[in-house]
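File shown: structure-v7.txt. Contents: compact mmCIF, C-alpha atoms.
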```
# COMPACT_ATOMS: atom_id res chain seq x y z
CA MET A 1 19.98 43.83 4.17
CA GLY A 2 17.45 41.07 3.55
CA LYS A 3 15.24 38.60 5.38
CA ILE A 4 16.32 35.00 5.14
CA SER A 5 14.62 31.88 6.44
CA LEU A 6 16.03 30.20 9.50
CA ASP A 7 17.29 27.10 7.71
CA LYS A 8 19.57 29.29 5.60
CA LEU A 9 20.98 31.06 8.63
CA SER A 10 24.46 29.96 9.56
CA GLU A 11 27.17 30.77 12.08
CA GLY A 12 29.00 34.01 11.53
CA MET A 13 26.17 35.91 9.83
CA ILE A 14 25.42 39.30 11.41
CA ILE A 15 21.88 40.06 12.63
CA ASP A 16 20.71 43.26 10.96
CA GLU A 17 17.47 43.86 12.86
CA ALA A 18 16.75 42.91 16.47
CA VAL A 19 14.71 39.70 16.78
CA SER A 20 11.90 39.49 19.35
CA ASP A 21 9.44 36.74 20.20
CA LEU A 22 5.66 37.14 19.94
CA HIS A 23 5.48 38.93 23.30
CA GLY A 24 8.20 41.38 22.39
CA THR A 25 10.98 39.82 24.45
CA MET A 26 14.34 40.47 22.78
CA LEU A 27 16.01 37.26 21.58
CA LEU A 28 18.96 38.57 19.54
CA GLN A 29 20.21 42.14 19.29
CA LYS A 30 21.15 43.94 16.12
CA GLY A 31 24.80 43.41 15.25
CA THR A 32 25.05 40.01 16.98
CA ALA A 33 27.07 37.35 15.16
CA VAL A 34 24.97 34.20 14.77
CA THR A 35 26.09 31.15 16.76
CA GLN A 36 24.71 27.61 16.95
CA SER A 37 23.06 28.35 20.28
CA GLY A 38 21.54 31.52 18.78
CA ILE A 39 19.96 29.45 16.01
CA LYS A 40 18.63 27.04 18.63
CA ILE A 41 17.02 29.91 20.56
CA LEU A 42 15.33 31.20 17.41
CA LYS A 43 14.02 27.71 16.56
CA THR A 44 12.73 27.23 20.10
CA TRP A 45 10.74 30.45 19.93
CA GLY A 46 9.26 29.63 16.55
CA ILE A 47 11.05 32.40 14.64
CA THR A 48 10.99 31.57 10.93
CA GLU A 49 13.00 34.36 9.36
CA VAL A 50 15.47 37.06 10.37
CA SER A 51 17.17 40.03 8.76
CA VAL A 52 20.90 39.62 8.28
CA ASP A 53 23.65 41.85 6.95
CA GLU A 54 24.10 41.02 3.27
CA ALA A 55 27.90 41.30 3.29
CA SER A 56 28.12 38.77 6.11
CA THR A 57 25.75 36.45 4.18
CA LYS A 58 28.03 36.48 1.15
CA GLN A 59 31.06 35.56 3.27
CA CYS A 60 29.24 32.57 4.68
CA GLU A 61 27.81 31.39 1.39
CA GLY A 62 29.13 28.16 0.00
CA THR A 63 30.22 26.98 3.40
CA THR A 64 26.72 26.30 4.64
CA GLU A 65 25.32 23.80 2.13
CA PRO A 66 26.73 20.29 2.28
CA GLN A 67 28.27 19.45 -1.07
CA THR A 68 25.75 17.69 -3.30
CA PRO A 69 27.18 16.47 -6.61
CA PRO A 70 25.79 18.66 -9.47
CA ARG A 71 24.42 15.66 -11.38
CA PHE A 72 22.17 14.79 -8.43
CA ILE A 73 20.88 18.36 -8.39
CA GLU A 74 20.21 18.16 -12.14
CA GLU A 75 18.32 14.88 -11.75
CA ALA A 76 16.40 16.20 -8.77
CA THR A 77 15.44 19.34 -10.70
CA ALA A 78 14.05 17.21 -13.53
CA GLU A 79 12.09 15.01 -11.09
CA ALA A 80 10.71 18.03 -9.25
CA ALA A 81 9.55 19.47 -12.58
CA VAL A 82 7.32 16.38 -13.03
CA LEU A 83 6.24 16.37 -9.38
CA PHE A 84 5.10 20.00 -9.65
CA ARG A 85 3.66 19.83 -13.17
CA TYR A 86 0.15 20.81 -12.03
CA VAL A 87 1.23 23.53 -9.65
CA ASN A 88 1.02 27.19 -10.61
CA GLU A 89 4.58 28.40 -10.15
CA ALA A 90 3.76 32.07 -9.99
CA ASN A 91 3.48 32.26 -6.22
CA ALA A 92 6.10 32.36 -3.48
CA PHE A 93 4.80 29.17 -1.80
CA SER A 94 5.25 26.96 -4.83
CA LYS A 95 8.75 28.35 -5.44
CA GLU A 96 9.78 27.55 -1.88
CA LEU A 97 8.11 24.11 -2.00
CA LYS A 98 9.91 23.26 -5.20
CA ARG A 99 13.23 24.41 -3.76
CA ILE A 100 12.65 22.16 -0.72
CA ALA A 101 11.63 19.24 -2.99
CA ILE A 102 14.79 19.57 -5.09
CA SER A 103 17.04 19.71 -2.05
CA ARG A 104 15.29 16.69 -0.47
CA ILE A 105 15.45 14.59 -3.65
CA ALA A 106 19.09 15.52 -4.30
CA GLY A 107 19.96 14.88 -0.66
CA ALA A 108 18.33 11.44 -0.79
CA LYS A 109 20.19 10.62 -4.01
CA SER A 110 23.55 11.44 -2.44
CA LYS A 111 22.65 9.19 0.47
CA GLU A 112 21.40 6.55 -2.00
CA GLY A 113 17.99 6.50 -0.36
CA SER A 114 14.48 7.52 -1.32
CA PRO A 115 13.15 10.91 -0.17
CA CYS A 116 10.97 9.19 2.41
CA MET B 1 -21.30 8.36 -14.97
CA LEU B 2 -22.81 8.27 -11.52
CA ASN B 3 -24.96 11.07 -10.19
CA ASN B 4 -24.32 11.05 -6.50
CA PRO B 5 -21.44 9.84 -4.30
CA ARG B 6 -24.02 8.39 -1.91
CA GLU B 7 -24.69 5.65 -4.47
CA LEU B 8 -21.25 4.22 -3.66
CA ILE B 9 -21.86 4.19 0.05
CA ASP B 10 -25.47 3.03 0.40
CA GLY B 11 -26.07 -0.68 0.57
CA SER B 12 -22.65 -1.48 1.89
CA GLU B 13 -22.94 -3.44 5.11
CA ARG B 14 -19.30 -3.14 6.00
CA LEU B 15 -19.32 0.62 5.68
CA SER B 16 -22.65 1.30 7.34
CA SER B 17 -21.15 1.75 10.77
CA ILE B 18 -17.65 1.59 12.17
CA SER B 19 -18.48 -0.17 15.38
CA VAL B 20 -20.91 -0.28 18.25
CA VAL B 21 -18.14 0.93 20.54
CA HIS B 22 -17.81 4.16 18.56
CA ASP B 23 -21.50 4.89 18.70
CA ARG B 24 -21.53 4.41 22.45
CA LEU B 25 -18.35 6.44 22.88
CA HIS B 26 -19.78 9.24 20.80
CA GLU B 27 -22.96 9.30 22.88
CA ALA B 28 -21.02 9.21 26.15
CA ILE B 29 -18.82 12.14 25.17
CA PHE B 30 -21.80 14.30 24.31
CA ASN B 31 -23.42 13.51 27.63
CA ARG B 32 -21.88 15.91 30.15
CA GLN B 33 -22.60 13.66 33.08
CA THR B 34 -20.43 10.80 31.84
CA THR B 35 -17.43 10.11 34.06
CA VAL B 36 -13.90 9.21 33.01
CA ALA B 37 -14.46 5.74 34.44
CA GLN B 38 -17.54 5.21 32.23
CA ILE B 39 -15.72 6.32 29.09
CA SER B 40 -12.77 4.08 29.92
CA ALA B 41 -15.14 1.17 30.42
CA ILE B 42 -16.65 1.67 26.95
CA ILE B 43 -13.22 1.78 25.29
CA MET B 44 -12.05 -1.30 27.17
CA GLN B 45 -14.90 -3.39 25.72
CA ASP B 46 -12.83 -3.45 22.56
CA ALA B 47 -9.51 -5.09 23.40
CA GLY B 48 -7.93 -4.22 20.05
CA LEU B 49 -8.88 -0.56 20.37
CA THR B 50 -7.56 -0.44 23.95
CA ALA B 51 -4.21 -1.84 22.85
CA ARG B 52 -3.96 0.54 19.88
CA LEU B 53 -4.77 3.61 21.95
CA LEU B 54 -2.27 2.71 24.66
CA ARG B 55 0.38 2.16 22.02
CA ILE B 56 -0.33 5.57 20.54
CA VAL B 57 -0.35 7.53 23.78
CA ASN B 58 2.92 5.87 24.81
CA SER B 59 4.65 6.55 21.50
CA ALA B 60 7.22 9.22 20.78
CA TYR B 61 4.42 11.16 19.05
CA PHE B 62 3.05 12.31 22.39
CA GLY B 63 6.37 12.10 24.18
CA PHE B 64 5.03 11.82 27.74
CA PRO B 65 7.86 11.29 30.21
CA ARG B 66 6.19 8.42 32.05
CA LYS B 67 4.40 5.34 30.78
CA ILE B 68 0.61 5.62 30.60
CA ASP B 69 -0.63 2.14 31.42
CA THR B 70 -4.37 2.55 31.82
CA ILE B 71 -7.07 3.90 29.52
CA SER B 72 -8.48 6.04 32.33
CA ARG B 73 -5.13 7.86 32.64
CA ALA B 74 -5.01 8.29 28.88
CA VAL B 75 -8.52 9.76 28.94
CA MET B 76 -7.53 12.20 31.68
CA ILE B 77 -4.33 13.33 30.00
CA ILE B 78 -5.37 13.54 26.36
CA GLY B 79 -9.06 14.29 26.84
CA THR B 80 -12.14 12.41 25.70
CA GLN B 81 -12.66 14.20 22.40
CA GLN B 82 -9.09 13.73 21.23
CA LEU B 83 -9.04 10.08 22.29
CA HIS B 84 -12.32 9.56 20.43
CA ASP B 85 -10.81 11.14 17.29
CA LEU B 86 -7.73 8.93 17.49
CA SER B 87 -9.81 5.82 18.02
CA ILE B 88 -11.86 6.63 14.89
CA ALA B 89 -8.68 6.94 12.84
CA THR B 90 -7.17 3.67 14.02
CA SER B 91 -10.45 1.82 13.49
CA ILE B 92 -10.92 3.11 9.94
CA VAL B 93 -7.34 2.25 9.00
CA LYS B 94 -8.14 -1.32 10.05
CA LEU B 95 -11.41 -1.39 8.12
CA PHE B 96 -10.04 -1.32 4.57
CA ARG B 97 -7.96 -4.33 3.78
CA ASN B 98 -9.19 -5.93 0.57
CA ILE B 99 -8.67 -3.15 -1.94
CA PRO B 100 -7.31 -4.29 -5.35
CA GLU B 101 -3.54 -3.89 -5.09
CA ARG B 102 -3.23 -2.88 -8.73
CA PHE B 103 -4.27 0.64 -7.79
CA VAL B 104 -2.18 1.24 -4.70
CA SER B 105 -0.90 -0.82 -1.79
CA MET B 106 -2.65 -0.26 1.51
CA GLU B 107 0.70 0.50 3.10
CA SER B 108 1.41 3.24 0.58
CA PHE B 109 -2.10 4.63 0.91
CA TRP B 110 -1.96 5.02 4.69
CA LYS B 111 1.61 6.29 4.59
CA HIS B 112 0.39 9.23 2.55
CA GLY B 113 -2.53 9.78 4.94
CA ILE B 114 -0.31 9.62 8.01
CA ALA B 115 2.25 12.01 6.48
CA CYS B 116 -0.62 14.41 5.70
CA GLY B 117 -2.06 14.00 9.21
CA LEU B 118 1.28 14.74 10.81
CA ALA B 119 1.83 17.78 8.58
CA ALA B 120 -1.69 18.98 9.44
CA ARG B 121 -0.98 18.64 13.16
CA VAL B 122 2.29 20.57 12.78
CA ILE B 123 0.58 23.37 10.82
CA ALA B 124 -2.28 23.50 13.34
CA CYS B 125 0.24 23.75 16.22
CA LEU B 126 2.11 26.56 14.47
CA ASN B 127 -1.22 28.25 13.91
CA ARG B 128 -2.04 27.90 17.64
CA GLU B 129 -5.22 25.86 17.02
CA SER B 130 -6.81 23.94 19.88
CA ASN B 131 -7.47 20.16 19.90
CA VAL B 132 -4.81 19.43 17.30
CA GLU B 133 -5.57 15.69 17.14
CA ARG B 134 -8.65 16.36 14.99
CA PHE B 135 -6.29 17.73 12.31
CA PHE B 136 -4.19 14.59 12.55
CA VAL B 137 -7.31 12.47 12.06
CA ALA B 138 -8.64 14.57 9.18
CA GLY B 139 -5.24 14.30 7.46
CA ILE B 140 -5.14 10.53 7.84
CA LEU B 141 -8.63 10.18 6.38
CA HIS B 142 -8.58 12.93 3.73
CA ASP B 143 -8.38 10.52 0.76
CA VAL B 144 -10.59 7.77 2.23
CA GLY B 145 -13.14 8.32 -0.55
CA ARG B 146 -10.64 6.94 -3.04
CA LEU B 147 -10.60 3.57 -1.22
CA ILE B 148 -14.38 3.34 -1.65
CA MET B 149 -13.99 4.11 -5.35
CA TYR B 150 -11.27 1.44 -5.80
CA ASP B 151 -13.49 -1.00 -3.97
CA LYS B 152 -16.86 -0.23 -5.63
CA ILE B 153 -16.04 0.91 -9.14
CA PRO B 154 -12.63 -0.62 -9.98
CA ASP B 155 -13.34 -0.63 -13.74
CA VAL B 156 -14.15 3.06 -13.78
CA MET B 157 -11.01 3.79 -11.75
CA ASP B 158 -9.00 1.84 -14.35
CA GLU B 159 -10.36 4.33 -16.86
CA VAL B 160 -9.25 7.20 -14.62
CA PHE B 161 -5.70 5.82 -14.47
CA ASP B 162 -5.65 5.20 -18.24
CA SER B 163 -6.86 8.72 -18.85
CA ILE B 164 -4.18 10.43 -16.72
CA THR B 165 -1.47 8.25 -18.26
CA GLU B 166 -2.55 9.34 -21.72
CA HIS B 167 -3.39 12.95 -20.95
CA PRO B 168 -1.54 14.03 -17.78
CA ALA B 169 -3.94 15.79 -15.41
CA PRO B 170 -4.50 15.94 -11.64
CA MET B 171 -6.25 12.71 -10.64
CA PHE B 172 -9.18 14.38 -8.85
CA LYS B 173 -10.01 16.32 -12.02
CA ALA B 174 -9.99 13.09 -14.06
CA GLU B 175 -12.32 11.55 -11.46
CA GLN B 176 -14.73 14.46 -11.82
CA GLU B 177 -14.76 14.04 -15.57
CA ILE B 178 -15.03 10.25 -15.78
CA VAL B 179 -16.88 9.29 -12.59
CA GLY B 180 -18.98 12.43 -12.22
CA PHE B 181 -17.52 13.45 -8.84
CA ASP B 182 -14.17 13.12 -7.08
CA HIS B 183 -12.84 11.20 -4.07
CA ALA B 184 -13.26 14.28 -1.86
CA ALA B 185 -17.05 14.18 -2.44
CA VAL B 186 -17.16 10.43 -1.73
CA GLY B 187 -15.10 10.89 1.45
CA GLY B 188 -17.42 13.67 2.62
CA ALA B 189 -20.50 11.49 1.97
CA LEU B 190 -18.90 8.60 3.87
CA ILE B 191 -18.10 10.71 6.93
CA GLU B 192 -21.67 12.01 6.83
CA ALA B 193 -23.11 8.49 6.60
CA TRP B 194 -21.01 7.46 9.57
CA ARG B 195 -22.36 10.42 11.56
CA LEU B 196 -18.84 11.60 12.38
CA PRO B 197 -18.29 15.29 13.28
CA GLY B 198 -19.44 17.84 10.68
CA SER B 199 -16.03 19.52 10.73
CA LEU B 200 -14.40 16.29 9.55
CA GLU B 201 -16.95 15.96 6.76
CA GLU B 202 -16.44 19.49 5.48
CA VAL B 203 -12.65 19.34 5.74
CA ILE B 204 -12.50 16.11 3.70
CA ARG B 205 -15.08 17.28 1.17
CA TYR B 206 -13.16 20.49 0.47
CA HIS B 207 -9.55 19.41 0.82
CA HIS B 208 -8.90 20.27 -2.83
CA THR B 209 -11.05 23.41 -2.79
CA PRO B 210 -10.71 24.81 0.75
CA MET B 211 -12.01 28.27 -0.07
CA LEU B 212 -15.43 26.74 -0.83
CA ALA B 213 -15.78 25.44 2.73
CA SER B 214 -18.18 27.57 4.74
CA ARG B 215 -18.13 26.69 8.45
CA TYR B 216 -14.69 25.10 8.76
CA ARG B 217 -12.68 26.99 6.18
CA ASP B 218 -9.50 27.32 8.27
CA GLU B 219 -9.53 23.60 9.04
CA ALA B 220 -9.98 22.80 5.34
CA CYS B 221 -7.07 25.14 4.51
CA VAL B 222 -4.82 23.29 6.98
CA ILE B 223 -5.56 19.91 5.34
CA HIS B 224 -5.21 21.40 1.84
CA ILE B 225 -1.70 22.61 2.68
CA ALA B 226 -0.80 19.45 4.61
CA ASP B 227 -1.73 17.39 1.52
CA VAL B 228 0.65 19.49 -0.60
CA VAL B 229 3.40 19.02 2.01
CA ALA B 230 2.80 15.24 2.14
CA HIS B 231 2.99 15.03 -1.66
CA THR B 232 6.22 17.04 -1.66
CA ILE B 233 7.72 14.60 0.88
CA GLN B 234 6.75 11.78 -1.53
CA CYS B 235 5.86 9.45 1.29
CA GLY B 236 3.30 6.92 0.04
CA SER B 237 0.42 7.77 -2.30
CA SER B 238 -3.32 7.32 -2.62
CA GLY B 239 -3.05 7.12 -6.41
CA GLU B 240 -1.97 10.64 -7.33
CA ILE B 241 1.79 10.83 -7.90
CA CYS B 242 2.18 14.58 -8.44
CA VAL B 243 1.67 17.51 -6.10
CA PRO B 244 -1.99 18.52 -6.57
CA PRO B 245 -2.69 22.12 -7.66
CA PHE B 246 -3.05 24.34 -4.63
CA ASP B 247 -4.75 27.57 -3.76
CA GLU B 248 -2.44 30.36 -2.60
CA GLU B 249 -5.44 31.90 -0.81
CA ALA B 250 -5.46 28.97 1.64
CA TRP B 251 -1.97 29.87 2.88
CA LEU B 252 -2.79 33.53 3.14
CA ALA B 253 -6.06 32.76 4.97
CA LEU B 254 -4.03 31.04 7.70
CA GLY B 255 -1.49 33.87 7.82
CA LEU B 256 1.33 31.56 6.79
CA ASN B 257 4.30 32.80 4.78
CA PRO B 258 6.81 30.71 2.79
CA GLY B 259 9.33 31.12 5.63
CA PHE B 260 7.29 28.63 7.68
CA LEU B 261 7.79 25.83 5.16
CA PRO B 262 11.28 24.62 6.19
CA GLN B 263 10.11 24.45 9.80
CA ILE B 264 7.02 22.43 8.82
CA PHE B 265 9.14 19.93 6.88
CA ASP B 266 11.66 19.75 9.70
CA LEU B 267 8.99 18.92 12.31
CA VAL B 268 7.33 16.35 10.02
CA ASP B 269 10.68 14.67 9.28
CA ARG B 270 11.50 14.40 12.96
CA ASN B 271 8.27 12.54 13.80
CA LEU B 272 7.29 10.66 10.64
CA ASP B 273 9.19 7.44 11.33
CA SER B 274 7.85 6.98 14.83
CA VAL B 275 4.24 7.73 13.79
CA LEU B 276 4.42 5.34 10.84
CA LYS B 277 5.73 2.62 13.16
CA MET B 278 2.96 3.32 15.64
CA PHE B 279 0.27 2.68 13.00
CA HIS B 280 2.04 -0.22 11.38
CA ALA B 281 2.24 -1.95 14.73
CA GLY B 282 -1.43 -1.13 15.26
CA GLU B 283 -2.47 -3.14 12.21
CA SER B 284 -1.10 -6.43 13.38
```
Could I get this structure in the form of structure tokens?
Amino acid sequence: MGKISLDKLSEGMIIDEAVSDLHGTMLLQKGTAVTQSGIKILKTWGITEVSVDEASTKQCEGTTEPQTPPRFIEEATAEAAVLFRYVNEANAFSKELKRIAISRIAGAKSKEGSPC
Amino acid sequence: MLNNPRELIDGSERLSSISVVHDRLHEAIFNRQTTVAQISAIIMQDAGLTARLLRIVNSAYFGFPRKIDTISRAVMIIGTQQLHDLSIATSIVKLFRNIPERFVSMESFWKHGIACGLAARVIACLNRESNVERFFVAGILHDVGRLIMYDKIPDVMDEVFDSITEHPAPMFKAEQEIVGFDHAAVGGALIEAWRLPGSLEEVIRYHHTPMLASRYRDEACVIHIADVVAHTIQCGSSGEICVPPFDEEAWLALGLNPGFLPQIFDLVDRNLDSVLKMFHAGES
């Protein structure tokens, strides 16, 4: 069992802990298999992370990320290292920011565009 | 080395006041007996401002289902304070045009500001803050002090660039060392000289050190984080090309966790193009 952020959630994963909105209204029950409309509901209600069953996560892994050529990821990692040179990497925010930066830069490279 | 950021601002005719319209608007808003019709009349004295505001309220950024074709309707829907804030931002963007291009292009400079403003608005919305347009405005203007420095002390700023090329360091730290103070202090002094709201002054002054802000600490934290997000997006630049060092305390003070980040980026991505277009069109 582990909490994952919503952008890593994909169809077929099994919800491990019931998800409620701020007012306590149930959005998804424990044991539900995630669907596209389920993800949409969570986004609409501003949910940022959910607990999912780890075994179901492993099954879905590899199918979720669009294939980015490894050399783009390598280049993006090097560029992100420069971009974040002044940032203290010891905290969870900078780790997540750097992960997002690498995926954006690599994504832009595979589309032959700039990140912005 | 200079002693006080005010030295850069005093004696500059162009910067002494934004416009007569703003002074009158400001006064009218603080007077509780002013009517919507009176406020609209003040705005409409400035044809350029009227056009810019109508373009903004009709853009995808606000996403109103029907066209808003009069300033009085815009005032009623968005509110006087928020319309005032937006009009300040559009007027200041127009004010700076003749900055030496060797430092940064104006387009790139405002792109970074707008990306930061949008990120700030998104974070403020997620944080359930009221009057979110003030965050948008503070984000747009957060680096405005740097424009004054490029304009007034170009030679010293050349030294700053040379120094960070030779010994990589965050640009605001190099400014502190070589100039004596950084662009955040200059921006704060400018907002003060213009008699704009105190919250805006404090937020800009402390956007690199939000935990030092006293009255508007949460607002300063929002801009601090929005600046980091805008740098990560790599959309435009005010001179700094790396993500500035950030204070983890600022995130914790707002009750944000790293799980919010993808959502922030997603919302910024969805709106960035339309907001950039809105301002670009506003400059012509």
### Message
Set the distance at 8 Å and use only C-alpha atoms: which residues neighbour range 37-50 of chain A once local chain neighbours fewer than 3 positions away are removed? I'd like the list as a ChimeraX atom specification.
### Response
/A:3-6,9-10,15,17,19,21,27-28,34 /B:259-260,263
How close does chain A get to chain B? List, as JSON lines, each residue of chain A within 7 Å, its nearest atom pair and the distance in Å to one decimal, counting only C-alpha atoms.
```
{"residue": "A:Ser5", "atom": "CA", "partner": "B:Gly259", "partner_atom": "CA", "distance": 5.4}
{"residue": "A:Asp7", "atom": "CA", "partner": "B:Pro262", "partner_atom": "CA", "distance": 6.7}
{"residue": "A:Thr48", "atom": "CA", "partner": "B:Gly259", "partner_atom": "CA", "distance": 5.6}
{"residue": "A:Glu49", "atom": "CA", "partner": "B:Gly259", "partner_atom": "CA", "distance": 6.2}
{"residue": "A:Leu83", "atom": "CA", "partner": "B:Cys242", "partner_atom": "CA", "distance": 4.5}
{"residue": "A:Phe84", "atom": "CA", "partner": "B:Val243", "partner_atom": "CA", "distance": 5.5}
{"residue": "A:Tyr86", "atom": "CA", "partner": "B:Pro245", "partner_atom": "CA", "distance": 5.4}
{"residue": "A:Val87", "atom": "CA", "partner": "B:Pro245", "partner_atom": "CA", "distance": 4.6}
{"residue": "A:Asn88", "atom": "CA", "partner": "B:Pro245", "partner_atom": "CA", "distance": 6.9}
{"residue": "A:Ala92", "atom": "CA", "partner": "B:Pro258", "partner_atom": "CA", "distance": 6.5}
{"residue": "A:Phe93", "atom": "CA", "partner": "B:Pro258", "partner_atom": "CA", "distance": 5.2}
{"residue": "A:Glu96", "atom": "CA", "partner": "B:Pro258", "partner_atom": "CA", "distance": 6.4}
{"residue": "A:Ala101", "atom": "CA", "partner": "B:Thr232", "partner_atom": "CA", "distance": 6.0}
{"residue": "A:Pro115", "atom": "CA", "partner": "B:Gln234", "partner_atom": "CA", "distance": 6.6}
{"residue": "A:Cys116", "atom": "CA", "partner": "B:Cys235", "partner_atom": "CA", "distance": 5.2}
```
### Message
Just to confirm, what's the straight-line distance from CA of Val93 in chain B to CA of Val186 in chain B in Å (one decimal)?
### Response
16.7 Å
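Take CA of Lys111 in chain B and CA of Ser238 in chain B: the distance between them is 8.8 Å.
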Output, as AutoDock Vina command-line options, the centre and edge lengths in Å (one decimal) of the axis-aligned box that contains all listed atoms of range 196-209 of chain B with 5 Å of margin on each side.
```
--center_x -14.2 --center_y 17.5 --center_z 5.2 --size_x 20.5 --size_y 21.8 --size_z 26.1
```
### Message
From the options A:Glu11, A:Pro70, A:Ser103, A:Asp53, which residue's atoms come nearest to Gly31 in chain A, counting all atoms listed in the file?
### Response
A:Asp53
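Omitting Arg121 in chain B and its sequence neighbours fewer than 2 positions away, and counting only C-alpha atoms, the residues within 7 Å are Gly117, Leu118, Ala119, Ile123, Ala124, Cys125, Val132, Glu133, Phe135 and Phe136 of chain B.
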For range 147-164 of chain B, which lacks atoms in the input, supply N, CA and C atoms and format the output as an mmCIF file, keeping the file's coordinate frame.
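Generated file (selection35.cif):
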```cif
data_model
loop_
_atom_site.group_PDB
_atom_site.id
_atom_site.type_symbol
_atom_site.label_atom_id
_atom_site.label_comp_id
_atom_site.auth_asym_id
_atom_site.auth_seq_id
_atom_site.Cartn_x
_atom_site.Cartn_y
_atom_site.Cartn_z
ATOM 1 N N LEU B 147 -10.542 5.013 -1.528
ATOM 2 C CA LEU B 147 -10.600 3.570 -1.220
ATOM 3 C C LEU B 147 -11.959 3.005 -1.577
ATOM 4 N N ILE B 148 -13.021 3.792 -1.303
ATOM 5 C CA ILE B 148 -14.380 3.340 -1.650
ATOM 6 C C ILE B 148 -14.485 3.198 -3.165
ATOM 7 N N MET B 149 -13.898 4.153 -3.893
ATOM 8 C CA MET B 149 -13.990 4.110 -5.350
ATOM 9 C C MET B 149 -13.225 2.895 -5.904
ATOM 10 N N TYR B 150 -12.040 2.624 -5.355
ATOM 11 C CA TYR B 150 -11.270 1.440 -5.800
ATOM 12 C C TYR B 150 -12.071 0.172 -5.532
ATOM 13 N N ASP B 151 -12.778 0.177 -4.403
ATOM 14 C CA ASP B 151 -13.490 -1.000 -3.970
ATOM 15 C C ASP B 151 -14.779 -1.203 -4.786
ATOM 16 N N LYS B 152 -15.526 -0.115 -5.029
ATOM 17 C CA LYS B 152 -16.860 -0.230 -5.630
ATOM 18 C C LYS B 152 -16.865 -0.131 -7.148
ATOM 19 N N ILE B 153 -15.997 0.714 -7.687
ATOM 20 C CA ILE B 153 -16.040 0.910 -9.140
ATOM 21 C C ILE B 153 -14.627 0.756 -9.728
ATOM 22 N N PRO B 154 -14.012 -0.438 -9.520
ATOM 23 C CA PRO B 154 -12.630 -0.620 -9.980
ATOM 24 C C PRO B 154 -12.468 -0.387 -11.495
ATOM 25 N N ASP B 155 -13.471 -0.790 -12.281
ATOM 26 C CA ASP B 155 -13.340 -0.630 -13.740
ATOM 27 C C ASP B 155 -13.293 0.841 -14.133
ATOM 28 N N VAL B 156 -14.140 1.626 -13.475
ATOM 29 C CA VAL B 156 -14.150 3.060 -13.780
ATOM 30 C C VAL B 156 -12.820 3.692 -13.346
ATOM 31 N N MET B 157 -12.286 3.228 -12.208
ATOM 32 C CA MET B 157 -11.010 3.790 -11.750
ATOM 33 C C MET B 157 -9.870 3.381 -12.680
ATOM 34 N N ASP B 158 -9.980 2.209 -13.307
ATOM 35 C CA ASP B 158 -9.000 1.840 -14.350
ATOM 36 C C ASP B 158 -9.009 2.890 -15.460
ATOM 37 N N GLU B 159 -10.225 3.295 -15.828
ATOM 38 C CA GLU B 159 -10.360 4.330 -16.860
ATOM 39 C C GLU B 159 -9.688 5.628 -16.427
ATOM 40 N N VAL B 160 -9.862 5.970 -15.138
ATOM 41 C CA VAL B 160 -9.250 7.200 -14.620
ATOM 42 C C VAL B 160 -7.725 7.123 -14.765
ATOM 43 N N PHE B 161 -7.160 5.976 -14.367
ATOM 44 C CA PHE B 161 -5.700 5.820 -14.470
ATOM 45 C C PHE B 161 -5.244 5.868 -15.930
ATOM 46 N N ASP B 162 -6.009 5.181 -16.815
ATOM 47 C CA ASP B 162 -5.650 5.200 -18.240
ATOM 48 C C ASP B 162 -5.668 6.633 -18.767
ATOM 49 N N SER B 163 -6.695 7.362 -18.357
ATOM 50 C CA SER B 163 -6.860 8.720 -18.850
ATOM 51 C C SER B 163 -5.699 9.623 -18.428
ATOM 52 N N ILE B 164 -5.260 9.536 -17.139
ATOM 53 C CA ILE B 164 -4.180 10.430 -16.720
ATOM 54 C C ILE B 164 -2.821 9.987 -17.252
#
```
